[in-house]
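Have a look at run_34.cif; it's mmCIF, C-alpha atoms and all ligand atoms:
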data_coords
loop_
_atom_site.label_atom_id
_atom_site.label_comp_id
_atom_site.auth_asym_id
_atom_site.auth_seq_id
_atom_site.Cartn_x
_atom_site.Cartn_y
_atom_site.Cartn_z
CA MET A 1129 108.28 101.29 112.38
CA ASN A 1130 108.62 97.91 114.18
CA GLU A 1131 106.47 98.90 117.13
CA LEU A 1132 103.85 100.38 114.84
CA LEU A 1133 103.93 97.29 112.67
CA ALA A 1134 103.28 95.03 115.66
CA GLN A 1135 100.39 97.25 116.72
CA GLN A 1136 98.96 97.24 113.16
CA LYS A 1137 99.11 93.42 113.00
CA MET A 1138 97.47 93.12 116.43
CA ASN A 1139 94.66 95.59 115.71
CA LYS A 1140 93.81 94.30 112.23
CA THR A 1141 90.15 93.27 112.10
CA LYS A 1142 88.68 90.36 110.15
CA ILE A 1143 87.15 91.27 106.81
CA SER A 1144 84.21 89.31 105.34
CA THR A 1145 84.26 87.42 102.05
CA PRO A 1146 82.78 88.87 99.94
CA ILE A 1147 82.92 92.56 100.78
CA GLN A 1148 79.85 94.61 99.84
CA GLY A 1149 80.76 97.66 97.75
CA CYS A 1150 78.63 100.77 98.27
CA MET A 1151 79.67 102.81 95.24
CA THR A 1152 76.24 102.59 93.63
CA TRP A 1153 74.02 102.60 96.74
CA GLY A 1154 73.60 106.36 96.66
CA LYS A 1155 73.61 109.06 94.01
CA TRP A 1156 75.84 107.09 91.62
CA GLY A 1157 73.23 104.35 91.26
CA ALA A 1158 70.30 103.05 93.30
CA ASN A 1159 69.75 106.36 95.13
CA PHE A 1160 68.66 104.53 98.29
CA ALA A 1161 66.60 106.34 100.90
CA THR A 1162 67.65 105.75 104.54
CA LYS A 1163 65.22 102.82 104.94
CA ALA A 1164 66.59 101.10 101.82
CA TYR A 1165 70.17 101.50 103.08
CA GLN A 1166 69.09 99.86 106.34
CA GLN A 1167 67.31 96.98 104.58
CA GLN A 1168 70.34 96.33 102.40
CA ILE A 1169 72.75 96.51 105.37
CA GLU A 1170 70.52 94.04 107.25
CA VAL A 1171 70.42 91.61 104.31
CA CYS A 1172 74.20 91.70 104.10
CA LEU A 1173 74.75 91.21 107.83
CA ASP A 1174 72.26 88.32 107.98
CA LEU A 1175 74.27 86.60 105.26
CA GLY A 1176 77.61 87.21 106.96
CA VAL A 1177 78.65 89.89 104.49
CA SER A 1178 79.71 92.28 107.21
CA THR A 1179 82.32 94.46 105.48
CA PHE A 1180 81.22 97.54 103.53
CA ASP A 1181 83.46 99.28 101.01
CA HIS A 1182 83.28 103.05 100.63
CA ALA A 1183 85.32 105.93 99.26
CA ASP A 1184 85.04 109.60 100.12
CA ILE A 1185 84.09 110.40 96.50
CA TYR A 1186 81.16 107.96 96.09
CA GLY A 1187 77.98 109.77 95.12
CA GLY A 1188 80.02 112.95 94.66
CA TYR A 1189 81.14 112.94 98.33
CA THR A 1190 77.62 112.06 99.58
CA THR A 1191 77.26 108.27 99.95
CA GLU A 1192 79.39 107.84 103.09
CA ALA A 1193 77.19 110.28 105.02
CA GLU A 1194 73.93 108.71 103.80
CA PHE A 1195 75.19 105.27 104.78
CA GLY A 1196 76.47 106.61 108.13
CA LYS A 1197 73.10 108.12 108.98
CA ALA A 1198 71.29 104.87 108.17
CA LEU A 1199 73.82 102.82 110.11
CA ALA A 1200 73.70 105.05 113.20
CA GLU A 1201 69.92 104.62 113.44
CA MET A 1202 70.35 100.83 113.47
CA ASN A 1203 72.28 100.91 116.77
CA LEU A 1204 74.47 97.98 115.83
CA GLN A 1205 77.45 96.80 117.87
CA ARG A 1206 80.51 98.36 116.24
CA ASP A 1207 82.34 95.03 116.10
CA SER A 1208 79.48 93.38 114.17
CA PHE A 1209 80.48 95.13 110.91
CA GLN A 1210 83.60 96.51 109.25
CA LEU A 1211 84.08 99.70 107.28
CA ILE A 1212 86.55 100.40 104.51
CA SER A 1213 87.05 103.83 103.02
CA LYS A 1214 89.48 105.50 100.65
CA CYS A 1215 90.99 108.90 100.10
CA GLY A 1216 93.12 110.73 97.60
CA ILE A 1217 90.93 111.48 94.58
CA GLN A 1218 90.01 115.13 94.29
CA MET A 1219 87.10 115.40 91.85
CA GLU A 1220 86.52 118.16 89.35
CA ASN A 1221 83.62 120.53 90.16
CA PHE A 1222 83.89 119.88 93.91
CA ARG A 1223 85.74 121.76 96.66
CA GLU A 1224 86.76 124.45 94.18
CA ASN A 1225 88.98 121.94 92.37
CA ALA A 1226 90.03 123.26 88.95
CA THR A 1227 90.57 119.73 87.66
CA LYS A 1228 90.49 116.10 88.77
CA HIS A 1229 93.69 115.26 90.63
CA TYR A 1230 95.21 113.18 93.44
CA GLN A 1231 96.33 114.55 96.80
CA TYR A 1232 98.42 112.71 99.39
CA ASP A 1233 100.12 115.22 101.67
CA ALA A 1234 99.87 114.26 105.36
CA ALA A 1235 97.48 117.06 106.29
CA TYR A 1236 95.08 116.15 103.49
CA ILE A 1237 95.12 112.41 104.31
CA LEU A 1238 94.40 113.16 107.98
CA LYS A 1239 91.60 115.57 107.09
CA SER A 1240 90.07 113.09 104.68
CA ALA A 1241 90.15 110.26 107.24
CA GLU A 1242 88.50 112.53 109.84
CA GLN A 1243 85.81 113.45 107.32
CA SER A 1244 85.11 109.78 106.54
CA LEU A 1245 84.82 109.00 110.27
CA GLN A 1246 82.40 111.87 110.70
CA ASN A 1247 80.36 110.87 107.62
CA LEU A 1248 80.15 107.23 108.66
CA GLN A 1249 79.43 108.22 112.28
CA THR A 1250 82.11 105.93 113.66
CA ASP A 1251 85.30 106.14 115.74
CA TYR A 1252 87.45 104.04 113.45
CA LEU A 1253 87.79 102.61 109.97
CA ASP A 1254 88.69 98.93 109.77
CA VAL A 1255 90.67 99.60 106.60
CA PHE A 1256 91.78 102.89 105.08
CA LEU A 1257 92.99 102.80 101.47
CA LEU A 1258 94.80 105.24 99.20
CA HIS A 1259 92.41 105.19 96.24
CA ARG A 1260 94.81 105.60 93.30
CA PRO A 1261 98.58 106.05 93.03
CA SER A 1262 99.79 109.56 92.29
CA PRO A 1263 103.01 110.31 90.42
CA LEU A 1264 103.54 113.09 92.97
CA MET A 1265 102.96 111.10 96.17
CA GLN A 1266 105.72 111.46 98.76
CA VAL A 1267 105.95 108.38 100.92
CA THR A 1268 107.21 110.29 103.96
CA GLU A 1269 104.00 112.34 103.95
CA ILE A 1270 101.90 109.18 103.69
CA GLN A 1271 103.92 107.53 106.47
CA LYS A 1272 103.37 110.52 108.78
CA ALA A 1273 99.60 110.44 108.34
CA VAL A 1274 99.18 106.66 108.46
CA ALA A 1275 101.36 106.31 111.59
CA GLN A 1276 99.28 108.96 113.36
CA LEU A 1277 95.96 107.37 112.36
CA LEU A 1278 97.11 103.92 113.48
CA GLN A 1279 98.51 105.22 116.76
CA GLN A 1280 95.28 107.07 117.51
CA GLY A 1281 93.25 103.95 116.70
CA LYS A 1282 91.34 105.81 113.99
CA ILE A 1283 92.26 103.15 111.44
CA LYS A 1284 92.83 99.46 112.20
CA GLY A 1285 94.31 98.47 108.87
CA PHE A 1286 95.93 100.25 105.96
CA GLY A 1287 96.15 99.57 102.27
CA VAL A 1288 96.22 100.90 98.76
CA SER A 1289 94.14 100.56 95.65
CA ASN A 1290 95.17 100.27 92.02
CA PHE A 1291 98.87 100.28 92.96
CA ASN A 1292 101.40 98.40 90.80
CA ILE A 1293 104.38 96.46 92.17
CA GLN A 1294 106.81 99.37 92.06
CA GLN A 1295 104.37 101.72 93.79
CA MET A 1296 103.76 99.18 96.57
CA ALA A 1297 107.50 98.56 96.98
CA LEU A 1298 108.13 102.30 97.27
CA LEU A 1299 105.48 102.75 99.94
CA GLN A 1300 106.49 99.59 101.84
CA LYS A 1301 109.81 101.26 102.65
CA VAL A 1302 107.92 103.32 105.22
CA VAL A 1303 104.56 101.64 106.00
CA SER A 1304 103.14 98.15 106.08
CA ILE A 1305 100.45 97.49 103.46
CA ASP A 1306 97.67 95.06 104.45
CA TYR A 1307 95.56 95.19 101.27
CA ASN A 1308 95.62 96.31 97.64
CA GLN A 1309 92.17 96.73 96.05
CA ILE A 1310 92.57 96.14 92.32
CA GLN A 1311 90.44 95.20 89.35
CA ILE A 1312 90.47 91.40 89.03
CA ALA A 1313 87.96 89.23 87.20
CA LEU A 1314 87.88 86.31 84.80
CA THR A 1315 87.66 88.91 82.03
CA TYR A 1316 90.35 91.11 83.61
CA SER A 1317 93.12 88.80 84.72
CA ASP A 1318 96.34 90.74 83.97
CA SER A 1319 97.34 90.68 87.65
CA LEU A 1320 97.59 86.88 87.49
CA THR A 1321 100.37 87.05 84.93
CA ASN A 1322 102.14 90.40 85.38
CA GLY A 1323 103.61 89.54 88.80
CA LEU A 1324 101.22 91.69 90.83
CA LEU A 1325 99.43 88.89 92.69
CA ASP A 1326 102.70 86.97 93.14
CA TYR A 1327 104.31 90.04 94.67
CA MET A 1328 101.32 90.50 96.96
CA GLN A 1329 101.47 86.88 98.13
CA THR A 1330 105.19 87.24 98.83
CA HIS A 1331 104.57 90.33 100.95
CA GLN A 1332 101.32 89.13 102.56
CA ILE A 1333 99.28 91.89 100.97
CA GLN A 1334 95.76 90.55 100.50
CA PRO A 1335 93.98 91.40 97.25
CA MET A 1336 90.49 92.86 97.22
CA ALA A 1337 88.94 92.53 93.74
CA TRP A 1338 86.79 95.41 92.57
CA ASN A 1339 84.51 94.70 89.62
CA PRO A 1340 84.83 90.94 90.32
CA LEU A 1341 82.27 90.06 87.64
CA GLY A 1342 84.30 91.99 85.07
CA SER A 1343 82.68 92.71 81.74
CA TYR A 1344 80.70 89.43 81.78
CA PHE A 1345 77.21 90.89 82.09
CA LYS A 1346 78.04 93.92 79.92
CA SER A 1347 79.76 92.56 76.83
CA ILE A 1348 79.70 88.82 76.86
CA THR A 1349 81.36 86.74 74.13
CA PRO A 1350 79.40 83.63 73.06
CA LYS A 1351 82.42 81.36 73.70
CA LEU A 1352 82.85 82.58 77.27
CA GLN A 1353 79.13 82.45 77.97
CA LYS A 1354 78.98 78.87 76.73
CA SER A 1355 81.84 77.84 79.04
CA VAL A 1356 80.45 79.67 82.06
CA GLN A 1357 76.97 78.23 81.50
CA LYS A 1358 78.41 74.72 81.15
CA MET A 1359 80.19 75.12 84.50
CA ALA A 1360 77.06 76.60 86.06
CA THR A 1361 75.20 73.42 85.11
CA LYS A 1362 78.01 71.15 86.33
CA TYR A 1363 78.36 72.89 89.71
CA LYS A 1364 74.59 73.59 90.10
CA ALA A 1365 75.44 77.27 90.35
CA THR A 1366 74.58 80.58 88.71
CA GLU A 1367 76.83 82.32 86.20
CA ASP A 1368 77.92 85.00 88.69
CA GLN A 1369 78.80 82.27 91.20
CA ILE A 1370 81.08 80.60 88.66
CA LEU A 1371 82.83 83.93 88.00
CA LEU A 1372 83.41 84.37 91.74
CA ALA A 1373 84.43 80.73 92.31
CA TRP A 1374 87.08 81.29 89.66
CA LEU A 1375 88.53 84.12 91.80
CA HIS A 1376 88.26 82.12 95.04
CA LYS A 1377 90.51 79.38 93.67
CA HIS A 1378 93.49 81.72 93.35
CA PRO A 1379 96.00 81.13 96.19
CA SER A 1380 96.38 84.83 97.03
CA GLN A 1381 92.98 84.69 98.78
CA ILE A 1382 91.25 87.31 96.68
CA ILE A 1383 88.29 88.96 98.43
CA PRO A 1384 85.67 90.05 95.87
CA VAL A 1385 84.12 93.49 96.40
CA MET A 1386 80.56 93.06 95.09
CA GLY A 1387 78.77 95.96 93.46
CA THR A 1388 75.23 94.60 93.43
CA THR A 1389 72.27 96.36 94.99
CA ASN A 1390 70.13 93.23 94.62
CA SER A 1391 69.76 91.16 97.80
CA ASN A 1392 69.39 87.82 95.96
CA ARG A 1393 72.76 88.42 94.36
CA VAL A 1394 74.38 89.12 97.74
CA GLN A 1395 73.22 85.68 98.85
CA SER A 1396 74.43 84.13 95.63
CA ALA A 1397 77.86 85.77 96.09
CA LYS A 1398 78.15 84.52 99.67
CA GLU A 1399 77.27 80.96 98.63
CA SER A 1400 79.88 81.04 95.84
CA THR A 1401 82.60 80.64 98.49
CA LYS A 1402 81.53 76.99 98.86
CA ILE A 1403 82.16 76.12 95.20
CA GLN A 1404 85.48 74.38 94.55
CA LEU A 1405 86.26 74.45 90.85
CA GLU A 1406 88.27 71.50 89.62
CA LEU A 1407 91.73 72.35 88.29
CA GLN A 1408 90.97 71.84 84.60
CA ASP A 1409 87.64 73.63 84.83
CA TRP A 1410 89.49 76.72 86.11
CA PHE A 1411 91.75 76.60 83.05
CA VAL A 1412 88.83 75.97 80.67
CA LEU A 1413 87.21 79.21 81.92
CA TRP A 1414 90.46 81.17 81.69
CA GLU A 1415 91.03 79.88 78.16
CA ALA A 1416 87.52 80.93 77.11
CA ALA A 1417 88.04 84.42 78.59
CA ARG A 1418 91.50 84.92 77.05
CA GLY A 1419 90.59 83.35 73.74
CA LYS A 1420 93.65 81.07 73.85
CA GLN A 1421 95.11 78.15 75.76
CA VAL A 1422 98.05 78.59 78.09
CA ASP A 1423 101.40 78.15 76.25
N1 LIG B 1501 89.12 100.81 94.24
C1 LIG B 1501 88.60 101.20 93.10
O1 LIG B 1501 89.24 101.91 92.31
C2 LIG B 1501 87.21 100.79 92.75
C3 LIG B 1501 86.68 101.03 91.46
C4 LIG B 1501 85.39 100.62 91.19
C5 LIG B 1501 84.63 99.98 92.17
N2 LIG B 1501 85.16 99.77 93.42
C6 LIG B 1501 84.40 99.06 94.48
O2 LIG B 1501 84.02 97.79 93.97
C7 LIG B 1501 82.60 97.62 94.10
C8 LIG B 1501 82.10 96.71 93.03
O3 LIG B 1501 82.37 97.19 91.74
P1 LIG B 1501 81.44 96.82 90.52
O4 LIG B 1501 80.11 97.43 90.72
O5 LIG B 1501 82.15 97.13 89.26
O6 LIG B 1501 81.34 95.22 90.74
P2 LIG B 1501 80.57 93.99 90.13
O7 LIG B 1501 79.98 93.26 91.28
O8 LIG B 1501 81.56 93.24 89.27
O9 LIG B 1501 79.44 94.55 89.17
C9 LIG B 1501 78.20 94.94 89.66
C10 LIG B 1501 77.25 95.13 88.49
O10 LIG B 1501 76.99 93.85 87.90
C11 LIG B 1501 75.59 93.65 87.87
N3 LIG B 1501 75.27 92.23 88.03
C12 LIG B 1501 75.63 91.42 89.04
N4 LIG B 1501 75.14 90.18 88.87
C13 LIG B 1501 74.46 90.21 87.72
C14 LIG B 1501 73.71 89.25 86.98
N5 LIG B 1501 73.59 87.99 87.42
N6 LIG B 1501 73.13 89.64 85.81
C15 LIG B 1501 73.27 90.91 85.38
N7 LIG B 1501 73.95 91.88 86.03
C16 LIG B 1501 74.55 91.53 87.19
C17 LIG B 1501 75.05 94.47 89.03
O11 LIG B 1501 73.69 94.79 88.82
P3 LIG B 1501 72.64 94.68 90.07
O12 LIG B 1501 72.91 95.86 90.98
O13 LIG B 1501 71.32 94.73 89.38
O14 LIG B 1501 72.90 93.37 90.74
C18 LIG B 1501 75.95 95.70 88.97
O15 LIG B 1501 75.49 96.61 87.98
C19 LIG B 1501 82.05 99.04 94.13
O16 LIG B 1501 80.80 99.14 94.77
C20 LIG B 1501 83.11 99.78 94.91
O17 LIG B 1501 82.91 99.58 96.29
C21 LIG B 1501 86.43 100.16 93.71
#
structure tokens encoding of this file:
Amino acid sequence: MNELLAQQKMNKTKISTPIQGCMTWGKWGANFATKAYQQQIEVCLDLGVSTFDHADIYGGYTTEAEFGKALAEMNLQRDSFQLISKCGIQMENFRENATKHYQYDAAYILKSAEQSLQNLQTDYLDVFLLHRPSPLMQVTEIQKAVAQLLQQGKIKGFGVSNFNIQQMALLQKVVSIDYNQIQIALTYSDSLTNGLLDYMQTHQIQPMAWNPLGSYFKSITPKLQKSVQKMATKYKATEDQILLAWLHKHPSQIIPVMGTTNSNRVQSAKESTKIQLELQDWFVLWEAARGKQVD
């Protein structure tokens, strides 16, 4: 474990802030053609958003391969971008699955990683994540697969997604966890108070925030909107930038995983890293989102 740990720390590649999520680039959203994938990848890279988040299941197991085809045609240097993918969710109506379930035996994890490499037309993943915790996961099986992938250089970093403290602690007995990708937003801030982010800071597990804008643009409350708009005026920023700046202030170094397919919003997200919210402004926003002051 120690030797592997040292190798994992040495090989770990730098991830951009923010990360660009690709869940809705394909059949689950924008339905990009190859050219549109390439344009969007180019926009991201030009802005320094060089890390792309995938999962085997996106687009019903199709988005990785579409992205991989577009990427391969661009002939980019492999170290000019980073790729994240995930495994473990077995979807209903695919692969003869009778129902949706999770699978984490060593053979399946290895097969899934190989498939992602093939789809993305690359030799390695910068980060490989277990998509969701399973009540049936056996950590020795996970350890076997992850150790092999790290040793073979097929993954440079390893992490989990949607894991709670106990699930991370269980897995950490056998492997080192670099990242946990969880839902964090101003309107979804449980991890700030339930010990999750504190645990991750203690164990140097960096949070990636999926859905970093939360429910803000879907079901806004007038009180929250008023506060966010007031801050947007004060900091000469847009509302989405204020939501992201709120995440950036947290000491656990949260990396937002953006879901947008709009290039202007990628730029806006990148620029949000420069906004430093004042202490009380951070609490004003949190209060507006929670509907109450801190105790
Ligand atoms: N690990 C997991 O379990 C998990 C789960 C879900 C997602 N993810 C990852 O996280 C990524 C992001 O998730 P997400 O899509 O929920 O993130 P998000 O960035 O919080 O939300 C993106 C949505 O917000 C909209 N939006 C952004 N700015 C807006 C504005 N100013 N006004 C109105 N609408 C705006 C976008 O529309 P436009 O496209 O028009 O900008 C898009 O529909 C995914 O792509 C995926 O990679 C991981």
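When only C-alpha atoms and all ligand atoms are used to compute distances to ligand LIG 1501 (chain B), the closest of the residues A:Gly1342, A:Pro1263, A:Gly1419, A:Pro1350 turns out to be A:Gly1342.
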With a distance cut-off of 12 Å and only C-alpha atoms, select the neighbouring residues of Lys1364 in chain A, excluding the residue or stretch itself and same-chain residues fewer than 3 positions from it, and output the selection as a ChimeraX atom specification. /A:1356-1361,1367-1370,1396,1399-1400,1402-1405
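Taking only C-alpha atoms and all ligand atoms into account, ligand LIG 1501 (chain B) lies nearest to A:Thr1191 out of the set A:Gln1280, A:Thr1191, A:Ser1244, A:Ser1319.
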Which residues of chain A come within 9 Å of ligand LIG 1501 (chain B), and for each one, what is the closest pair of atoms and their distance in Å to one decimal, counting only C-alpha atoms and all ligand atoms, sorted by chain and residue number, as CSV?
residue,atom,partner,partner_atom,distance
A:Ile1147,CA,B:LIG1501,O17,8.3
A:Gln1148,CA,B:LIG1501,O17,6.8
A:Gly1149,CA,B:LIG1501,O17,3.2
A:Cys1150,CA,B:LIG1501,O16,4.4
A:Met1151,CA,B:LIG1501,O16,3.9
A:Thr1152,CA,B:LIG1501,O16,5.8
A:Trp1153,CA,B:LIG1501,O16,7.9
A:Gly1157,CA,B:LIG1501,O12,8.5
A:Ala1158,CA,B:LIG1501,O12,8.0
A:Phe1180,CA,B:LIG1501,O17,7.7
A:Asp1181,CA,B:LIG1501,O17,4.8
A:His1182,CA,B:LIG1501,O17,5.6
A:Ala1183,CA,B:LIG1501,O17,7.4
A:Tyr1186,CA,B:LIG1501,C20,8.5
A:Ser1213,CA,B:LIG1501,O17,9.0
A:Lys1214,CA,B:LIG1501,N1,8.0
A:Leu1257,CA,B:LIG1501,N1,8.4
A:Leu1258,CA,B:LIG1501,N1,8.7
A:His1259,CA,B:LIG1501,N1,5.8
A:Arg1260,CA,B:LIG1501,O1,6.8
A:Val1288,CA,B:LIG1501,N1,8.4
A:Ser1289,CA,B:LIG1501,N1,5.2
A:Asn1290,CA,B:LIG1501,O1,6.2
A:Asn1308,CA,B:LIG1501,N1,8.6
A:Gln1309,CA,B:LIG1501,N1,5.4
A:Ile1310,CA,B:LIG1501,N1,6.1
A:Gln1311,CA,B:LIG1501,C3,7.3
A:Ala1313,CA,B:LIG1501,O8,7.8
A:Met1336,CA,B:LIG1501,N1,8.6
A:Ala1337,CA,B:LIG1501,O2,7.2
A:Trp1338,CA,B:LIG1501,O2,3.9
A:Asn1339,CA,B:LIG1501,O8,3.3
A:Pro1340,CA,B:LIG1501,O8,4.1
A:Leu1341,CA,B:LIG1501,O8,3.6
A:Gly1342,CA,B:LIG1501,O8,5.2
A:Ser1343,CA,B:LIG1501,O8,7.6
A:Tyr1344,CA,B:LIG1501,N7,8.3
A:Phe1345,CA,B:LIG1501,C15,5.1
A:Lys1346,CA,B:LIG1501,N7,7.6
A:Thr1366,CA,B:LIG1501,N5,7.6
A:Glu1367,CA,B:LIG1501,N5,6.6
A:Asp1368,CA,B:LIG1501,N5,5.4
A:Gln1369,CA,B:LIG1501,N5,8.6
A:Pro1384,CA,B:LIG1501,O7,8.0
A:Val1385,CA,B:LIG1501,O2,4.9
A:Met1386,CA,B:LIG1501,O7,3.9
A:Gly1387,CA,B:LIG1501,O4,3.4
A:Thr1388,CA,B:LIG1501,O12,3.6
A:Thr1389,CA,B:LIG1501,O12,4.1
A:Asn1390,CA,B:LIG1501,O14,4.8
A:Ser1391,CA,B:LIG1501,O14,8.0
A:Asn1392,CA,B:LIG1501,O14,8.4
A:Arg1393,CA,B:LIG1501,O14,6.1
A:Val1394,CA,B:LIG1501,O14,8.3
A:Ala1397,CA,B:LIG1501,N4,8.9
Every residue with an atom at most 12 Å from (88.5, 78.0, 75.8) (file coordinates; all atoms listed in the file) is what I'm after, so could you write them as a PyMOL selection string? chain A and resi 1349-1356+1358+1408-1422
Mind dumping the selected residues with C-alpha atoms as a PDB file, in the coordinates of the input?
ATOM      1  CA  THR A1349      81.360  86.740  74.130  1.00  0.00           C
ATOM      2  CA  PRO A1350      79.400  83.630  73.060  1.00  0.00           C
ATOM      3  CA  LYS A1351      82.420  81.360  73.700  1.00  0.00           C
ATOM      4  CA  LEU A1352      82.850  82.580  77.270  1.00  0.00           C
ATOM      5  CA  GLN A1353      79.130  82.450  77.970  1.00  0.00           C
ATOM      6  CA  LYS A1354      78.980  78.870  76.730  1.00  0.00           C
ATOM      7  CA  SER A1355      81.840  77.840  79.040  1.00  0.00           C
ATOM      8  CA  VAL A1356      80.450  79.670  82.060  1.00  0.00           C
ATOM      9  CA  LYS A1358      78.410  74.720  81.150  1.00  0.00           C
ATOM     10  CA  GLN A1408      90.970  71.840  84.600  1.00  0.00           C
ATOM     11  CA  ASP A1409      87.640  73.630  84.830  1.00  0.00           C
ATOM     12  CA  TRP A1410      89.490  76.720  86.110  1.00  0.00           C
ATOM     13  CA  PHE A1411      91.750  76.600  83.050  1.00  0.00           C
ATOM     14  CA  VAL A1412      88.830  75.970  80.670  1.00  0.00           C
ATOM     15  CA  LEU A1413      87.210  79.210  81.920  1.00  0.00           C
ATOM     16  CA  TRP A1414      90.460  81.170  81.690  1.00  0.00           C
ATOM     17  CA  GLU A1415      91.030  79.880  78.160  1.00  0.00           C
ATOM     18  CA  ALA A1416      87.520  80.930  77.110  1.00  0.00           C
ATOM     19  CA  ALA A1417      88.040  84.420  78.590  1.00  0.00           C
ATOM     20  CA  ARG A1418      91.500  84.920  77.050  1.00  0.00           C
ATOM     21  CA  GLY A1419      90.590  83.350  73.740  1.00  0.00           C
ATOM     22  CA  LYS A1420      93.650  81.070  73.850  1.00  0.00           C
ATOM     23  CA  GLN A1421      95.110  78.150  75.760  1.00  0.00           C
ATOM     24  CA  VAL A1422      98.050  78.590  78.090  1.00  0.00           C
TER      25      VAL A1422
END
Just give me the gap between CA of Lys1301 in chain A and CA of Gln1271 in chain A in Å, one decimal is fine. 9.4 Å
Nearest to Asn1247 in chain A among A:Glu1192, A:Glu1220, A:Asp1233, A:Asp1318, with distances taken over only C-alpha atoms: which residue is it?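 Among the listed residues, the smallest separation from Asn1247 in chain A belongs to A:Glu1192.
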Grab the CA of Gly1285 in chain A to CA of Thr1141 in chain A distance for me, in Å with one decimal place.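 If I compute the distance from CA of Gly1285 in chain A to CA of Thr1141 in chain A, I get 7.4 Å.
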Could I get range 1311-1316 of chain A rebuilt with all heavy atoms, written as a JSON list (two decimals), in the coordinates of the input?
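Wrote part-v5.json, looks like this:
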[["chain", "number", "residue", "atom", "x", "y", "z"],
["A", 1311, "GLN", "N", 91.45, 95.81, 90.21],
["A", 1311, "GLN", "CA", 90.44, 95.20, 89.35],
["A", 1311, "GLN", "C", 90.91, 93.79, 88.97],
["A", 1311, "GLN", "O", 91.94, 93.63, 88.33],
["A", 1311, "GLN", "CB", 90.25, 96.06, 88.09],
["A", 1311, "GLN", "CG", 89.10, 95.58, 87.23],
["A", 1311, "GLN", "CD", 88.85, 96.48, 86.02],
["A", 1311, "GLN", "OE1", 89.72, 97.24, 85.62],
["A", 1311, "GLN", "NE2", 87.69, 96.37, 85.44],
["A", 1312, "ILE", "N", 90.15, 92.80, 89.41],
["A", 1312, "ILE", "CA", 90.47, 91.40, 89.03],
["A", 1312, "ILE", "C", 89.15, 90.70, 88.71],
["A", 1312, "ILE", "O", 88.19, 90.78, 89.48],
["A", 1312, "ILE", "CB", 91.13, 90.55, 90.15],
["A", 1312, "ILE", "CG1", 92.09, 91.37, 91.02],
["A", 1312, "ILE", "CG2", 91.83, 89.33, 89.56],
["A", 1312, "ILE", "CD1", 92.60, 90.60, 92.24],
["A", 1313, "ALA", "N", 89.14, 90.02, 87.59],
["A", 1313, "ALA", "CA", 87.96, 89.23, 87.20],
["A", 1313, "ALA", "C", 88.41, 88.23, 86.14],
["A", 1313, "ALA", "O", 89.51, 88.37, 85.58],
["A", 1313, "ALA", "CB", 86.88, 90.16, 86.62],
["A", 1314, "LEU", "N", 87.56, 87.27, 85.87],
["A", 1314, "LEU", "CA", 87.88, 86.31, 84.80],
["A", 1314, "LEU", "C", 88.17, 87.06, 83.50],
["A", 1314, "LEU", "O", 89.05, 86.68, 82.74],
["A", 1314, "LEU", "CB", 86.70, 85.33, 84.63],
["A", 1314, "LEU", "CG", 86.81, 84.28, 83.53],
["A", 1314, "LEU", "CD1", 88.06, 83.42, 83.68],
["A", 1314, "LEU", "CD2", 85.57, 83.41, 83.49],
["A", 1315, "THR", "N", 87.44, 88.14, 83.26],
["A", 1315, "THR", "CA", 87.66, 88.91, 82.03],
["A", 1315, "THR", "C", 88.67, 90.05, 82.23],
["A", 1315, "THR", "O", 88.81, 90.91, 81.36],
["A", 1315, "THR", "CB", 86.33, 89.51, 81.51],
["A", 1315, "THR", "OG1", 85.77, 90.31, 82.55],
["A", 1315, "THR", "CG2", 85.35, 88.44, 81.10],
["A", 1316, "TYR", "N", 89.32, 90.08, 83.39],
["A", 1316, "TYR", "CA", 90.35, 91.11, 83.61],
["A", 1316, "TYR", "C", 91.42, 90.50, 84.50],
["A", 1316, "TYR", "O", 91.52, 90.80, 85.69],
["A", 1316, "TYR", "CB", 89.73, 92.36, 84.26],
["A", 1316, "TYR", "CG", 90.64, 93.57, 84.16],
["A", 1316, "TYR", "CD1", 90.58, 94.42, 83.05],
["A", 1316, "TYR", "CD2", 91.58, 93.84, 85.14],
["A", 1316, "TYR", "CE1", 91.45, 95.49, 82.93],
["A", 1316, "TYR", "CE2", 92.45, 94.91, 85.02],
["A", 1316, "TYR", "CZ", 92.37, 95.73, 83.92],
["A", 1316, "TYR", "OH", 93.22, 96.80, 83.79]]
